[in-house]
file model_18.csv (CSV, C-alpha atoms)
chain,number,residue,atom,x,y,z
I,18,MET,CA,0.0,0.0,0.0
I,19,LYS,CA,1.5,3.3,-1.1
I,20,ASN,CA,0.0,5.8,1.4
I,21,LYS,CA,0.2,3.7,4.5
I,22,MET,CA,0.3,5.7,7.8
I,23,PRO,CA,2.5,4.4,10.7
I,24,LEU,CA,0.6,3.3,13.8
I,25,LYS,CA,1.4,5.0,17.0
I,26,ILE,CA,0.8,3.6,20.5
I,27,VAL,CA,0.5,6.3,23.2
I,28,PRO,CA,0.6,4.9,26.8
I,29,LYS,CA,-1.9,6.6,29.2
I,30,PRO,CA,-2.4,6.1,32.9
I,31,TRP,CA,-6.0,4.9,32.2
I,32,GLY,CA,-4.9,2.5,29.3
I,33,LYS,CA,-3.6,3.5,25.9
I,34,GLU,CA,-4.3,5.1,22.6
I,35,LEU,CA,-3.6,3.6,19.2
I,36,TRP,CA,-3.4,6.3,16.5
I,37,PHE,CA,-4.2,5.0,13.1
I,38,ALA,CA,-4.4,8.3,11.3
I,39,HIS,CA,-2.9,11.7,11.9
I,40,THR,CA,-2.9,14.5,9.3
I,41,LYS,CA,-3.2,18.3,9.3
I,42,LYS,CA,-6.9,17.9,9.0
I,43,TYR,CA,-7.9,15.0,11.2
I,44,LEU,CA,-6.9,12.4,13.9
I,45,GLY,CA,-8.2,8.9,14.2
I,46,LYS,CA,-7.5,6.6,17.2
I,47,LEU,CA,-8.6,3.8,19.3
I,48,LEU,CA,-9.0,4.4,23.1
I,49,PHE,CA,-8.4,1.4,25.3
I,50,ILE,CA,-9.7,2.3,28.7
I,51,LYS,CA,-9.0,-0.1,31.6
I,52,LYS,CA,-11.9,-1.3,33.8
I,53,GLY,CA,-12.4,1.1,36.7
I,54,HIS,CA,-10.4,3.9,35.1
I,55,ARG,CA,-11.6,7.2,33.7
I,56,LEU,CA,-10.3,10.1,31.7
I,57,SER,CA,-9.9,13.6,32.9
I,58,LEU,CA,-12.8,15.9,33.3
I,59,GLN,CA,-11.8,18.2,30.4
I,60,TYR,CA,-12.8,20.4,27.5
I,61,HIS,CA,-11.1,21.5,24.3
I,62,LYS,CA,-10.9,25.0,22.9
I,63,LYS,CA,-10.4,23.9,19.3
I,64,LYS,CA,-10.7,20.1,19.1
I,65,ASP,CA,-14.0,18.6,18.0
I,66,GLU,CA,-14.5,14.9,18.3
I,67,SER,CA,-16.9,12.0,17.5
I,68,LEU,CA,-16.7,8.7,19.2
I,69,TYR,CA,-18.1,5.2,18.7
I,70,VAL,CA,-18.2,2.6,21.5
I,71,LEU,CA,-16.6,-0.6,20.0
I,72,LYS,CA,-16.6,-2.4,23.4
I,73,GLY,CA,-18.4,-1.1,26.4
I,74,PRO,CA,-20.4,0.2,28.0
I,75,ILE,CA,-18.8,3.4,29.1
I,76,PHE,CA,-20.2,6.1,31.2
I,77,LEU,CA,-20.1,9.5,29.6
I,78,GLN,CA,-20.2,12.7,31.6
I,79,ILE,CA,-21.3,15.8,29.7
I,80,GLY,CA,-21.4,18.9,32.0
I,81,LYS,CA,-22.8,17.7,35.3
I,82,SER,CA,-24.9,14.8,33.9
I,83,GLU,CA,-23.7,11.2,33.3
I,84,LYS,CA,-25.2,8.6,31.0
I,85,LYS,CA,-24.4,5.0,30.1
I,86,VAL,CA,-23.4,4.6,26.5
I,87,LYS,CA,-23.7,1.0,25.2
I,88,THR,CA,-21.6,-0.9,22.7
I,89,GLY,CA,-22.5,0.2,19.1
I,90,SER,CA,-23.5,3.7,20.1
I,91,ASN,CA,-21.8,6.9,19.0
I,92,PHE,CA,-21.7,10.4,20.3
I,93,HIS,CA,-20.3,13.8,19.4
I,94,VAL,CA,-18.3,16.1,21.7
I,95,PRO,CA,-18.1,19.7,20.2
I,96,ARG,CA,-15.4,22.1,21.3
I,97,ASN,CA,-15.8,23.8,24.6
I,98,THR,CA,-17.9,20.9,26.0
I,99,LEU,CA,-17.0,19.7,29.4
I,100,HIS,CA,-16.7,15.9,29.3
I,101,ARG,CA,-15.3,12.7,30.8
I,102,MET,CA,-15.4,9.0,29.9
I,103,HIS,CA,-15.4,6.2,32.5
I,104,ALA,CA,-15.0,2.4,32.0
I,105,LYS,CA,-16.7,1.5,35.3
I,106,TYR,CA,-17.3,-2.2,34.9
I,107,VAL,CA,-15.4,-3.5,31.8
I,108,ASN,CA,-12.3,-2.8,29.7
I,109,SER,CA,-13.6,-0.6,27.0
I,110,ILE,CA,-12.6,0.4,23.5
I,111,LEU,CA,-13.7,3.5,21.6
I,112,ILE,CA,-13.0,4.8,18.1
I,113,GLU,CA,-12.3,8.5,18.1
I,114,VAL,CA,-12.2,10.7,15.0
I,115,SER,CA,-11.4,14.3,15.6
I,116,THR,CA,-9.8,17.5,14.4
I,117,PRO,CA,-6.0,17.2,14.8
I,118,GLU,CA,-5.5,19.4,17.9
I,119,ASN,CA,-4.5,16.6,20.2
I,120,GLU,CA,-2.6,18.8,22.7
I,121,ASP,CA,-5.7,21.0,23.2
I,122,VAL,CA,-6.8,19.7,26.6
I,123,VAL,CA,-7.9,21.8,29.5
I,124,ARG,CA,-8.2,19.4,32.5
I,125,LEU,CA,-10.3,20.4,35.5
I,126,GLU,CA,-10.1,17.1,37.4
I,127,ASP,CA,-7.8,14.2,36.9
I,128,ASP,CA,-7.3,10.9,38.8
I,129,TYR,CA,-3.6,10.9,37.8
I,130,ALA,CA,-2.5,14.4,38.9
I,131,ARG,CA,-2.3,15.9,35.4
I,132,VAL,CA,-4.2,19.1,36.1
I,133,LYS,CA,-1.9,22.1,35.5
call {"tool": "encode", "arguments": {"input": "model_18.csv", "output": "structure tokens"}}
result
Amino acid sequence: MKNKMPLKIVPKPWGKELWFAHTKKYLGKLLFIKKGHRLSLQYHKKKDESLYVLKGPIFLQIGKSEKKVKTGSNFHVPRNTLHRMHAKYVNSILIEVSTPENEDVVRLEDDYARVK
């Protein structure tokens, strides 16, 4: 294949990311979230993301409300939306497709002391 993109594994305290596409226009990755772990309560000033639950369920917090998102469901997180994902009961896998601003993270709470 001529235009093959290299895969990139990014270790995270909650699991890992597997990047399968990263261009100037978009970023595609798999999120592997370990059972009992959750991502930061965060928002993005520029980044816009859409996610699909490949293996779940996960619990999605948007603002102050939380809902269970089942395997096979998708959701959109527009920029400036406060959100958090939590794999309460099972190891979970999500597909994320977003704009490329991966470093655009404003953390408000974090279980792994990454709030700046």
call {"tool": "residues_around", "arguments": {"input": "model_18.csv", "residues": "Ile79 in chain I", "least_positions_apart": "5", "cutoff": "12 Å", "atoms": "only C-alpha atoms", "output": "list in words"}}
result
Leu58, Gln59, Tyr60, Lys84, Lys85, Val86, Phe92, His93, Val94, Pro95, Asn97, Thr98, Leu99, His100, Arg101, Met102 and His103 of chain I
call {"tool": "closest_residue", "arguments": {"input": "model_18.csv", "among": "I:Ile26, I:Lys62, I:Ile75, I:Asn91", "to": "Arg124 in chain I", "atoms": "all atoms listed in the file"}}
result
I:Lys62
call {"tool": "residues_around", "arguments": {"input": "model_18.csv", "residues": "Val132 in chain I", "least_positions_apart": "3", "cutoff": "10 Å", "atoms": "all atoms listed in the file", "output": "PyMOL selection string"}}
result
chain I and resi 57-59+122-129
call {"tool": "closest_residue", "arguments": {"input": "model_18.csv", "among": "I:Tyr69, I:Arg96, I:Leu24, I:Thr88", "to": "Thr116 in chain I", "atoms": "all atoms listed in the file"}}
result
I:Arg96
call {"tool": "atom_distance", "arguments": {"input": "model_18.csv", "atom1": "CA of His39 in chain I", "atom2": "CA of Ser109 in chain I"}}
result
22.2 Å
call {"tool": "atom_distance", "arguments": {"input": "model_18.csv", "atom1": "CA of Pro74 in chain I", "atom2": "CA of Val107 in chain I"}}
result
7.3 Å
call {"tool": "closest_residue", "arguments": {"input": "model_18.csv", "among": "I:Leu47, I:Gln78, I:Asn20, I:Glu113", "to": "Lys33 in chain I", "atoms": "only C-alpha atoms"}}
result
I:Leu47
